[in-house]
Every structure is written in C-alpha cells, then in structure tokens.
file final-v9.txt (compact mmCIF, C-alpha atoms)
# COMPACT_ATOMS: atom_id res chain seq x y z
CA MET A 422 -25.19 65.65 -59.14
CA SER A 423 -21.61 66.39 -58.08
CA GLY A 424 -19.10 64.81 -60.43
CA SER A 425 -16.60 64.02 -57.76
CA SER A 426 -18.47 61.18 -55.99
CA LEU A 427 -20.79 60.18 -58.81
CA ASP A 428 -18.24 57.86 -60.43
CA ALA A 429 -17.76 55.96 -57.19
CA ARG A 430 -21.50 55.69 -56.49
CA ILE A 431 -22.22 54.34 -59.95
CA ILE A 432 -19.49 51.72 -59.70
CA GLN A 433 -20.62 50.83 -56.18
CA ALA A 434 -24.24 50.39 -57.33
CA LEU A 435 -23.02 48.27 -60.23
CA SER A 436 -20.90 46.09 -57.97
CA ALA A 437 -23.68 45.44 -55.44
CA GLY A 438 -24.59 41.77 -55.63
CA GLN A 439 -22.49 41.18 -58.74
CA THR A 440 -19.82 38.50 -58.59
CA GLU A 441 -18.65 38.77 -62.18
CA ILE A 442 -17.57 42.39 -62.12
CA ASP A 443 -14.05 43.77 -62.12
CA THR A 444 -13.26 47.43 -61.58
CA GLU A 445 -10.24 49.47 -62.67
CA VAL A 446 -9.33 46.85 -65.25
CA SER A 447 -6.01 47.35 -67.02
CA LEU A 448 -6.20 47.03 -70.79
CA ASN A 449 -2.63 47.81 -71.88
CA ASP A 450 -2.41 51.64 -71.76
CA LEU A 451 -6.04 52.03 -70.77
CA THR A 452 -7.95 51.41 -67.54
CA ALA A 453 -11.62 50.46 -67.83
CA ASP A 454 -13.87 51.62 -65.00
CA ALA A 455 -15.73 48.29 -64.92
CA ILE A 456 -15.89 45.02 -66.81
CA ILE A 457 -18.89 42.74 -66.32
CA ARG A 458 -18.19 39.22 -67.52
CA LYS A 459 -21.10 37.25 -68.92
CA SER A 460 -21.10 33.76 -70.40
CA ASP A 461 -20.81 34.83 -74.01
CA HIS A 462 -19.97 38.54 -73.87
CA VAL A 463 -18.40 41.27 -71.79
CA ILE A 464 -19.94 44.61 -70.85
CA LEU A 465 -17.29 47.33 -70.79
CA VAL A 466 -18.32 50.36 -68.72
CA GLU A 467 -16.69 53.78 -68.92
CA VAL A 468 -18.00 56.43 -66.54
CA LYS A 469 -17.52 60.06 -67.51
CA THR A 470 -18.74 62.62 -65.00
CA GLY A 471 -18.06 66.22 -64.12
CA ASP A 472 -19.79 69.56 -64.42
CA ALA A 473 -23.12 68.80 -66.10
CA ARG A 474 -22.92 72.05 -68.11
CA PHE A 475 -19.99 70.66 -70.08
CA PRO A 476 -20.38 68.44 -73.16
CA LEU A 477 -19.19 64.85 -73.30
CA PRO A 478 -15.54 65.04 -74.41
CA SER A 479 -15.32 64.79 -78.18
CA SER A 480 -12.50 62.25 -77.86
CA THR A 481 -14.86 59.78 -76.15
CA HIS A 482 -15.68 57.95 -79.39
CA SER A 483 -12.02 57.45 -80.27
CA GLN A 484 -11.26 56.34 -76.73
CA MET A 485 -14.11 53.82 -76.66
CA LYS A 486 -13.03 52.30 -79.98
CA GLN A 487 -9.60 51.74 -78.49
CA PHE A 488 -11.17 50.26 -75.34
CA VAL A 489 -13.20 47.80 -77.40
CA ALA A 490 -10.19 46.72 -79.46
CA GLU A 491 -8.12 46.11 -76.31
CA ALA A 492 -10.96 44.32 -74.50
CA ARG A 493 -11.63 42.07 -77.49
CA GLU A 494 -7.98 41.06 -77.54
CA LYS A 495 -8.01 40.29 -73.83
CA TYR A 496 -11.36 38.52 -73.44
CA GLN A 497 -11.82 37.03 -76.93
CA GLN A 498 -15.57 37.63 -76.63
CA ARG A 499 -18.25 39.99 -77.94
CA ILE A 500 -17.78 43.37 -76.26
CA VAL A 501 -20.77 45.55 -75.31
CA PRO A 502 -19.39 49.06 -74.65
CA VAL A 503 -21.37 51.45 -72.46
CA VAL A 504 -20.61 55.09 -71.62
CA VAL A 505 -22.30 56.43 -68.48
CA THR A 506 -22.21 60.19 -68.18
CA ASN A 507 -23.75 63.28 -66.63
CA TYR A 508 -22.22 65.51 -69.31
CA ARG A 509 -24.34 67.00 -72.06
CA VAL A 510 -24.67 64.56 -74.93
CA PHE A 511 -25.64 66.15 -78.22
CA PRO A 512 -27.77 64.04 -80.62
CA GLU A 513 -25.01 64.01 -83.25
CA MET A 514 -22.48 62.58 -80.80
CA LYS A 515 -24.95 60.03 -79.48
CA ASP A 516 -25.74 58.91 -83.04
CA GLU A 517 -22.04 58.64 -83.86
CA LEU A 518 -21.39 56.49 -80.79
CA GLU A 519 -24.44 54.29 -81.27
CA LYS A 520 -23.53 53.75 -84.92
CA ASP A 521 -20.47 51.92 -83.60
CA GLY A 522 -22.46 49.94 -81.06
CA ILE A 523 -21.48 52.16 -78.12
CA GLN A 524 -24.43 52.78 -75.82
CA VAL A 525 -24.71 56.08 -73.98
CA LEU A 526 -26.57 56.26 -70.68
CA SER A 527 -27.25 59.69 -69.21
CA VAL A 528 -27.29 59.97 -65.45
CA ASP A 529 -30.61 61.62 -64.81
CA GLY A 530 -32.08 59.13 -62.39
CA SER A 531 -30.88 57.18 -59.39
CA VAL A 532 -27.54 55.38 -59.58
CA SER A 533 -29.24 52.06 -58.89
CA GLU A 534 -31.46 52.57 -61.96
CA ILE A 535 -28.35 53.38 -63.98
CA ALA A 536 -26.75 50.17 -62.73
CA ARG A 537 -29.83 48.20 -63.79
CA GLN A 538 -29.69 49.76 -67.27
CA ILE A 539 -26.02 48.87 -67.59
CA LEU A 540 -26.67 45.26 -66.65
CA ARG A 541 -29.46 45.16 -69.25
CA ALA A 542 -27.13 46.61 -71.90
CA ASP A 543 -26.52 43.23 -73.49
CA ASP A 544 -30.24 42.88 -74.13
CA VAL A 545 -30.11 45.82 -76.56
CA GLU A 546 -29.65 44.76 -80.16
CA GLY A 547 -26.95 47.01 -81.53
CA PRO A 548 -25.02 47.27 -84.79
CA ALA A 549 -22.06 45.10 -85.69
CA PRO A 550 -19.13 45.14 -83.28
CA VAL A 551 -16.57 47.91 -83.60
CA SER A 552 -13.72 47.04 -85.90
CA ALA A 553 -10.39 46.69 -84.18
CA GLY A 554 -8.48 48.72 -86.76
CA PRO A 555 -8.48 52.47 -87.46
CA MET A 556 -11.43 53.90 -89.31
CA VAL A 557 -10.92 55.33 -92.78
CA VAL A 558 -11.45 59.09 -92.68
CA MET B 864 -1.58 65.05 -73.60
CA TYR B 865 -4.16 67.23 -75.28
CA CYS B 866 -6.74 69.85 -74.45
CA GLU B 867 -10.34 70.21 -75.49
CA ILE B 868 -11.76 73.71 -75.64
CA ASP B 869 -15.53 74.13 -75.49
CA ILE B 870 -17.00 77.47 -76.57
CA GLU B 871 -20.63 78.23 -75.80
CA HIS B 872 -22.25 80.46 -78.40
CA GLY B 873 -25.15 82.87 -78.17
CA PRO B 874 -28.76 82.29 -79.25
CA HIS B 875 -28.21 84.02 -82.60
CA LEU B 876 -25.50 81.63 -83.73
CA VAL B 877 -25.29 81.07 -87.47
CA ALA B 878 -23.09 78.04 -87.99
CA ALA B 879 -22.03 78.98 -91.52
CA ASP B 880 -20.91 82.44 -90.36
CA LEU B 881 -18.92 80.94 -87.51
CA LEU B 882 -17.10 78.53 -89.79
CA THR B 883 -16.36 81.29 -92.28
CA ALA B 884 -14.93 83.47 -89.50
CA ILE B 885 -12.59 80.88 -87.98
CA GLN B 886 -11.46 78.55 -90.77
CA PRO B 887 -7.79 78.77 -91.86
CA PRO B 888 -5.96 81.00 -92.36
CA ALA B 889 -8.04 83.22 -90.01
CA LEU B 890 -6.46 81.88 -86.79
CA GLY B 891 -3.52 79.92 -88.18
CA ALA B 892 -2.12 78.11 -91.21
CA ASP B 893 -4.13 75.26 -92.65
CA PHE B 894 -3.10 71.80 -91.42
CA PRO B 895 -4.88 69.05 -93.38
CA LEU B 896 -6.96 66.78 -91.18
CA ALA B 897 -5.10 63.67 -92.31
CA ASN B 898 -1.84 65.25 -91.13
CA ALA B 899 -3.48 66.40 -87.89
CA TYR B 900 -4.77 62.92 -87.10
CA ALA B 901 -1.37 61.42 -87.93
CA SER B 902 0.29 63.89 -85.53
CA SER B 903 -2.18 63.23 -82.71
CA ARG B 904 -1.29 60.60 -80.10
CA ARG B 905 -5.04 60.33 -79.38
CA TYR B 906 -6.34 60.10 -82.92
CA LYS B 907 -3.46 58.43 -84.79
CA ALA B 908 -4.76 54.88 -84.36
CA SER B 909 -8.42 55.81 -84.04
CA PRO B 910 -9.31 58.94 -86.01
CA PRO B 911 -12.80 60.42 -85.60
CA ALA B 912 -15.42 59.97 -88.30
CA GLY B 913 -15.33 63.65 -89.16
CA SER B 914 -13.94 67.00 -88.02
CA ILE B 915 -14.31 70.50 -89.40
CA PHE B 916 -10.72 71.56 -90.14
CA GLY B 917 -7.17 71.43 -88.87
CA GLN B 918 -4.75 74.27 -88.38
CA LEU B 919 -1.41 75.14 -86.81
CA THR B 920 -1.27 77.40 -83.80
CA VAL B 921 1.21 78.87 -81.32
CA ARG B 922 3.82 77.11 -79.24
CA ASN B 923 4.40 74.27 -81.73
CA CYS B 924 0.82 73.03 -81.36
CA PHE B 925 -2.02 72.27 -83.72
CA VAL B 926 -5.78 72.54 -83.51
CA ILE B 927 -8.51 70.29 -84.82
CA ALA B 928 -11.88 72.03 -84.94
CA ARG B 929 -13.80 68.96 -83.89
CA THR B 930 -17.50 69.64 -83.71
CA LEU B 931 -20.20 72.27 -83.74
CA SER B 932 -23.16 70.74 -81.92
CA GLY B 933 -26.11 72.74 -80.68
CA ASP B 934 -24.64 75.93 -79.22
CA VAL B 935 -21.19 74.50 -78.44
CA SER B 936 -18.12 74.34 -80.66
CA THR B 937 -15.25 72.09 -79.60
CA TYR B 938 -11.56 72.30 -80.47
CA HIS B 939 -8.79 69.75 -79.88
CA VAL B 940 -5.33 71.23 -79.15
CA GLU B 941 -2.22 69.08 -79.06
CA GLY B 942 1.53 69.45 -79.42
CA LEU B 943 3.12 68.65 -82.77
CA THR B 944 5.68 66.60 -80.88
CA PRO B 945 5.71 64.81 -77.51
CA ALA B 946 8.28 67.42 -76.40
CA VAL B 947 5.49 69.97 -75.90
CA SER B 948 4.95 70.05 -72.14
CA ALA B 949 1.57 70.18 -70.39
CA ARG B 950 2.27 73.76 -69.29
CA THR B 951 3.07 74.83 -72.87
CA LEU B 952 -0.04 73.04 -74.09
CA LEU B 953 -2.20 74.90 -71.56
CA GLU B 954 -0.63 78.22 -72.59
CA ALA B 955 -1.25 77.44 -76.27
CA SER B 956 -4.86 76.54 -75.47
CA GLU B 957 -5.35 79.79 -73.58
CA MET B 958 -3.80 81.84 -76.41
CA PHE B 959 -5.84 80.09 -79.10
CA THR B 960 -9.01 80.64 -77.05
CA MET B 961 -8.25 84.37 -76.72
CA GLN B 962 -7.61 84.66 -80.47
CA LEU B 963 -10.79 82.75 -81.27
CA LEU B 964 -12.99 84.83 -78.97
CA ALA B 965 -11.49 88.09 -80.27
CA LYS B 966 -12.35 86.92 -83.78
CA ILE B 967 -15.94 85.86 -83.14
CA ASN B 968 -17.20 88.30 -80.51
CA SER B 969 -17.66 91.29 -82.81
CA ASP B 970 -20.64 89.61 -84.50
CA PRO B 971 -23.78 88.45 -82.64
CA LYS B 972 -24.11 85.63 -85.17
CA THR B 973 -20.81 84.11 -84.10
CA GLN B 974 -20.11 85.39 -80.58
CA GLY B 975 -19.43 83.05 -77.75
CA LYS B 976 -17.73 82.59 -74.40
CA LEU B 977 -15.37 80.03 -73.00
CA LEU B 978 -17.21 77.17 -71.31
CA VAL B 979 -14.13 75.19 -70.29
CA ILE B 980 -10.69 74.03 -71.33
CA ARG B 981 -10.04 70.46 -70.18
CA LEU B 982 -6.69 68.66 -70.12
CA PHE B 983 -6.57 64.97 -71.05
CA GLU B 984 -3.95 62.25 -71.10
CA ASP B 985 -3.28 60.65 -74.50
CA THR B 986 -5.50 57.72 -73.41
CA GLY B 987 -8.51 60.04 -73.14
CA PHE B 988 -8.42 60.07 -69.35
CA GLU B 989 -9.50 63.42 -67.85
CA THR B 990 -6.74 64.83 -65.66
CA GLY B 991 -9.08 67.09 -63.69
CA VAL B 992 -7.21 70.23 -64.81
CA GLU B 993 -9.84 72.65 -66.09
CA GLY B 994 -9.55 76.23 -67.22
CA GLN B 995 -12.38 78.74 -67.03
CA ASP B 996 -12.71 82.50 -67.13
CA LEU B 997 -12.13 84.25 -63.82
CA THR B 998 -15.33 86.05 -62.83
CA TRP B 999 -15.78 88.54 -60.00
CA GLY B 1000 -18.08 86.04 -58.29
CA ARG B 1001 -15.41 83.35 -58.35
CA ALA B 1002 -12.76 85.78 -57.10
CA LEU B 1003 -15.09 86.77 -54.24
CA LEU B 1004 -15.82 83.15 -53.37
CA GLU B 1005 -12.09 82.47 -53.16
CA GLN B 1006 -11.59 85.42 -50.82
CA LEU B 1007 -14.61 84.54 -48.66
CA SER B 1008 -14.05 80.81 -48.69
CA TRP B 1009 -14.68 78.77 -45.55
CA LYS B 1010 -10.92 78.40 -45.14
CA GLU B 1011 -10.60 82.19 -44.91
CA LEU B 1012 -13.74 82.75 -42.82
CA GLN B 1013 -13.16 79.96 -40.35
CA PRO B 1014 -10.60 81.66 -38.07
CA LYS B 1015 -12.67 84.84 -37.91
CA ILE B 1016 -15.90 83.03 -37.12
CA LEU B 1017 -14.01 81.01 -34.54
CA ALA B 1018 -12.71 84.22 -32.95
CA ALA B 1019 -16.23 85.70 -32.88
CA VAL B 1020 -17.76 82.53 -31.40
CA THR B 1021 -15.07 82.16 -28.72
CA ALA B 1022 -15.71 85.75 -27.67
CA ILE B 1023 -19.20 84.72 -26.46
CA PRO B 1024 -18.21 82.66 -23.40
CA ILE B 1025 -15.55 85.23 -22.55
CA ILE B 1026 -18.22 87.89 -22.52
CA TYR B 1027 -20.62 85.61 -20.60
CA PHE B 1028 -18.10 85.09 -17.84
CA GLY B 1029 -18.02 88.78 -17.13
CA LEU B 1030 -15.18 90.43 -19.03
CA ASP B 1031 -15.67 93.86 -20.65
CA LYS B 1032 -18.63 92.80 -22.81
CA LYS B 1033 -18.98 95.85 -24.98
CA THR B 1034 -15.36 96.15 -26.02
CA LEU B 1035 -14.89 92.43 -26.82
CA LEU B 1036 -18.25 92.00 -28.59
CA TRP B 1037 -17.79 95.09 -30.72
CA SER B 1038 -14.15 94.32 -31.46
CA SER B 1039 -15.12 90.82 -32.68
CA LEU B 1040 -17.87 92.19 -34.91
CA VAL B 1041 -15.68 94.99 -36.22
CA SER B 1042 -12.89 92.46 -36.88
CA LEU B 1043 -15.29 90.27 -38.89
CA GLY B 1044 -16.60 93.32 -40.74
CA PHE B 1045 -13.08 94.44 -41.67
CA PHE B 1046 -12.30 90.92 -42.91
CA VAL B 1047 -15.39 90.86 -45.17
CA ALA B 1048 -14.67 94.37 -46.47
CA PHE B 1049 -11.06 93.40 -47.11
CA GLY B 1050 -12.25 90.28 -48.95
CA LEU B 1051 -14.52 92.38 -51.17
CA VAL B 1052 -11.69 94.78 -52.04
CA GLN B 1053 -9.25 91.89 -52.68
CA ALA B 1054 -11.77 90.11 -54.91
CA THR B 1055 -12.38 93.30 -56.92
CA LEU B 1056 -8.64 93.94 -57.35
CA LYS B 1057 -8.00 90.28 -58.29
CA TYR B 1058 -10.84 90.35 -60.81
CA SER B 1059 -9.65 93.67 -62.33
CA LYS B 1060 -6.09 92.42 -62.62
CA ASN B 1061 -6.94 89.01 -64.09
CA ARG B 1062 -10.06 89.73 -66.14
CA GLY B 1063 -9.77 88.14 -69.57
CA LYS B 1064 -7.27 85.60 -68.30
CA ILE B 1065 -8.08 81.95 -67.79
CA THR B 1066 -7.48 80.35 -64.40
CA PHE B 1067 -6.75 76.66 -64.14
CA VAL B 1068 -7.74 74.56 -61.16
CA VAL B 1069 -7.30 70.88 -60.47
CA ARG B 1070 -10.61 69.13 -59.81
CA ARG B 1071 -10.07 66.41 -57.22
CA SER B 1072 -11.93 63.11 -57.64
call {"tool": "encode", "arguments": {"input": "final-v9.txt", "output": "structure tokens"}}
result
Amino acid sequence: MSGSSLDARIIQALSAGQTEIDTEVSLNDLTADAIIRKSDHVILVEVKTGDARFPLPSSTHSQMKQFVAEAREKYQQRIVPVVVTNYRVFPEMKDELEKDGIQVLSVDGSVSEIARQILRADDVEGPAPVSAGPMVV
Amino acid sequence: MYCEIDIEHGPHLVAADLLTAIQPPALGADFPLANAYASSRRYKASPPAGSIFGQLTVRNCFVIARTLSGDVSTYHVEGLTPAVSARTLLEASEMFTMQLLAKINSDPKTQGKLLVIRLFEDTGFETGVEGQDLTWGRALLEQLSWKELQPKILAAVTAIPIIYFGLDKKTLLWSSLVSLGFFVAFGLVQATLKYSKNRGKITFVVRRS
C-alpha cells in the first residue's frame, strides 16, 4: 500500500460511524492521530506509514511512552495505546512495545479490518499501564 | 531534530563481527549511553530500554547505535546542541553512513547497504525527508518522468490531426518521432552522467503526505 494516503484511509475508516473519536488531538508538544473516548478508558492511536521496506522507527517506543503520559494527564483515564503501521516490525521491537502495553497492528489487510481491530483494542488484556516518568536505563 | 539511519545487511551477517567492527573508537570517540540519552531531546525524558553503544561523530553530532534486528541495524544521529541545524544534521548523517559502510563492506560477514536515512522532529514526527542512495534506475526515472515526457508526447499526439488534415505527412510524422527519440536518448545520456557524477552520494527528497 502507498504510505501517502494510507494514514488518511485508516483514520477515515476509524471515524466512520464513531461519535466519540477525535483526530489530530493536541497533547502539549505532541499531536495524536486519533483518540477514541470510551466510558472508562481512552484508545490512543498513532499511525506510522511509509515505504513498507523500512523498519518501524526505533524512536516509536519512546514517542508512545510520551504520548501515554500526556494523554493520561489530559484525560485522567486508563490509556490504551495502539500503533498502526505498514513498516516492518521486528519481533524484538514488538515485544518491547507490548511489554509496555503498547499494541502494534500491522496493516496487511483492509483498512476497515484494521479499524475494527483498533476498536477492539480495549478488549485485549495487556500489562500494567506505562509509567509516566522516565524509565531507568 | 534527529535522524535514523537504517542499514540493511547481507545474508551472511554475523552480528558479533558487525559490533566488533563498528564499536568505538572505530568510527568515533566513545560517548556513554547515559550521556547520549541526556543530550538527546528525544530520549532525555524517555530513554529506550536498551541500545548498543553511543559515540561522537562529525559536525558536533553524536550517534546512538540503537538496534540490530534481523538484517537491519539502526543508528540515531542528533546534534549535541540545539544549534545544530537540520542541514548540518543531514550532512553528519550522510558522512557517518559513508564511514560506516566503508568500514563494514570489506567483509561479507558485516557488509551492508543504506536502506534509508529519515529525518524526525524531536517529538518523533516523521518530516518526510528521506535520504537514499542514487541508483542509475532512479536517475533514469527522474530524466524520463511524466513531467519531462509530457510535452514531447503532446507534440507527437498533436501532429496526428495535422497530418490527417493533409499537411506534409512524412516530414511531420518523422520529425515528431525523431524528436521523441532524441529526447529519450538525451534522457538516457543525462541519467548516466548524473549517476556517474553522484554515485556514492545520498540524495534527499521530501515525501509529501
């Protein structure tokens, strides 16, 4: 899939029929691609697309931790972070992200199926929420 | 701002050999990871769980060898101070990449090629600026792009009704075809010269969303 329109199609599929979704949400210095507000939690969606030969940027984990900290401060609810990408995701990176409760969805099907998976993200039992402070190296 | 450099390695990659070949001081002075994270606007507040090593490099920049996953090694390049401009950062990334490839390409167990250099904002947002090796194919595509071909095809197509309405068919038809042929031949020569001149250099393009 071409990276240039994929972002927009994913967000459009996600927005279809959803009333509790905000796109391009400002979180201090960051801008979240989509926030889906549920009664007791918030799904934070970050879409990363481009040339499918390239790997997922290695700074994604750090960026998502910052997103979660900012979103928690704004919404005061449990945050379910989801990365949607057509980049290559190596098992080590996926494990590292999922260890911090960040789900990774690879775009290898239709965008509507991806949207359904995102909306079901809160049904997945993940590890404890990401801590707001910096990790000890 | 920072860059991420992704190097794709060959099928005979031996990770231990690669790390031995590139770790400091092979490509630059050692820069402890704790110091590198503290200097990074991206990683200062949210350092990664683990990286391979840190080092200093050209143009007042530093490198964090981030990961070696599968057949791809990834390097983070950032300025030591916010005064390092995006242009300087891109130059430093290009120079570090050239040094790295020169170091690893003599050995089949470590050799690799540049996959991409990507430029990011401190927030992690991709700017769309990407650097890749210039290949002859890419140089040819640029010379024979639709933008370049369009006026010539238009000239050839408009010749058809002119010929149909009874002007000197042979001269106009042949001149249109010869004109198109000269344009393609010129494109091939230009692409070859551009590739010869710029081979080994990295070209940056802005990917539009």
call {"tool": "residues_near_point", "arguments": {"input": "final-v9.txt", "point": "(-17.3, 52.2, -66.1)", "cutoff": "7 Å", "atoms": "all atoms listed in the file", "output": "list in words"}}
result
Ile432, Ala453, Asp454, Ala455, Leu465, Val466, Glu467, Val468 and Val505 of chain A
call {"tool": "atom_distance", "arguments": {"input": "final-v9.txt", "atom1": "atom CA of Phe488 of chain A", "atom2": "atom CA of Lys469 of chain A"}}
result
14.1 Å
call {"tool": "closest_residue", "arguments": {"input": "final-v9.txt", "among": "A:Asn507, A:Leu540, A:Lys459, A:Asn449", "to": "Val528 of chain A", "atoms": "only C-alpha atoms"}}
result
A:Asn507
call {"tool": "residues_around", "arguments": {"input": "final-v9.txt", "residues": "Val501 of chain A", "least_positions_apart": "2", "cutoff": "7 Å", "atoms": "only C-alpha atoms", "output": "compact mmCIF listing (two decimals) with C-alpha atoms, in the frame of the given file"}}
result
# COMPACT_ATOMS: atom_id res chain seq x y z
CA VAL A 463 -18.40 41.27 -71.79
CA ILE A 464 -19.94 44.61 -70.85
CA LEU A 465 -17.29 47.33 -70.79
CA ARG A 499 -18.25 39.99 -77.94
CA VAL A 503 -21.37 51.45 -72.46
CA ASP A 543 -26.52 43.23 -73.49
call {"tool": "closest_atom_pairs", "arguments": {"input": "final-v9.txt", "of": "chain B", "to": "chain A", "cutoff": "8 Å", "atoms": "all atoms listed in the file", "output": "Markdown table"}}
result
| residue | atom | partner | partner_atom | distance |
| --- | --- | --- | --- | --- |
| B:Glu867 | CA | A:Pro478 | CA | 7.4 |
| B:Asp869 | CA | A:Phe475 | CA | 7.8 |
| B:Ala897 | CA | A:Val558 | CA | 7.8 |
| B:Arg905 | CA | A:Ser483 | CA | 7.6 |
| B:Tyr906 | CA | A:Ser483 | CA | 6.8 |
| B:Ala908 | CA | A:Pro555 | CA | 5.4 |
| B:Ser909 | CA | A:Pro555 | CA | 4.8 |
| B:Pro910 | CA | A:Met556 | CA | 6.4 |
| B:Pro911 | CA | A:Ser483 | CA | 6.2 |
| B:Ala912 | CA | A:Val558 | CA | 6.0 |
| B:Gly913 | CA | A:Val558 | CA | 6.9 |
| B:Arg929 | CA | A:Ser479 | CA | 7.2 |
| B:Thr930 | CA | A:Ser479 | CA | 7.7 |
| B:Ser932 | CA | A:Phe511 | CA | 6.4 |
| B:Gly933 | CA | A:Phe511 | CA | 7.0 |
| B:Thr937 | CA | A:Ser479 | CA | 7.4 |
| B:Leu978 | CA | A:Phe475 | CA | 7.2 |
| B:Val979 | CA | A:Phe475 | CA | 7.4 |
| B:Thr986 | CA | A:Leu451 | CA | 6.3 |
| B:Gly987 | CA | A:Gln484 | CA | 5.8 |
| B:Arg1071 | CA | A:Ser425 | CA | 7.0 |
| B:Ser1072 | CA | A:Ser425 | CA | 4.8 |
call {"tool": "residues_around", "arguments": {"input": "final-v9.txt", "residues": "Thr1055 of chain B", "least_positions_apart": "5", "cutoff": "12 Å", "atoms": "only C-alpha atoms", "output": "PyMOL selection string"}}
result
chain B and resi 997-1006+1048-1050+1060-1062
call {"tool": "residues_around", "arguments": {"input": "final-v9.txt", "residues": "Val525 of chain A", "least_positions_apart": "2", "cutoff": "8 Å", "atoms": "only C-alpha atoms", "output": "list in words"}}
result
Val503, Val504, Val505, Thr506, Lys515, Leu518, Glu519, Ile523 and Ser527 of chain A
call {"tool": "axis_aligned_box", "arguments": {"input": "final-v9.txt", "around": "segment 504-509 of chain A", "padding_each_side": "5 Å", "output": "AutoDock Vina command-line options"}}
result
--center_x -22.5 --center_y 61.0 --center_z -69.3 --size_x 13.7 --size_y 21.9 --size_z 15.4
call {"tool": "closest_residue", "arguments": {"input": "final-v9.txt", "among": "B:Gln1053, B:Ser903, B:Thr920, B:Ser1008", "to": "Glu957 of chain B", "atoms": "all atoms listed in the file"}}
result
B:Thr920
call {"tool": "atom_distance", "arguments": {"input": "final-v9.txt", "atom1": "atom CA of Ile868 of chain B", "atom2": "atom CA of Tyr938 of chain B"}}
result
5.0 Å
call {"tool": "atom_distance", "arguments": {"input": "final-v9.txt", "atom1": "atom CA of Asn923 of chain B", "atom2": "atom CA of Asn968 of chain B"}}
result
25.8 Å
call {"tool": "closest_residue", "arguments": {"input": "final-v9.txt", "among": "B:Ala949, B:Val935, B:Met864, B:Ile1065", "to": "Met961 of chain B", "atoms": "only C-alpha atoms"}}
result
B:Ile1065
call {"tool": "residues_around", "arguments": {"input": "final-v9.txt", "residues": "Ile442 of chain A", "least_positions_apart": "3", "cutoff": "9 Å", "atoms": "only C-alpha atoms", "output": "PDB file with C-alpha atoms, keeping the file's coordinate frame"}}
result
ATOM      1  CA  LEU A 435     -23.020  48.270 -60.230  1.00  0.00           C
ATOM      2  CA  SER A 436     -20.900  46.090 -57.970  1.00  0.00           C
ATOM      3  CA  GLN A 439     -22.490  41.180 -58.740  1.00  0.00           C
ATOM      4  CA  ALA A 455     -15.730  48.290 -64.920  1.00  0.00           C
ATOM      5  CA  ILE A 456     -15.890  45.020 -66.810  1.00  0.00           C
ATOM      6  CA  ILE A 457     -18.890  42.740 -66.320  1.00  0.00           C
ATOM      7  CA  ARG A 458     -18.190  39.220 -67.520  1.00  0.00           C
TER       8      ARG A 458
END
call {"tool": "residues_around", "arguments": {"input": "final-v9.txt", "residues": "Leu943 of chain B", "least_positions_apart": "3", "cutoff": "7 Å", "atoms": "all atoms listed in the file", "output": "list in words"}}
result
Ser902, Asn923, Cys924 and Phe925 of chain B
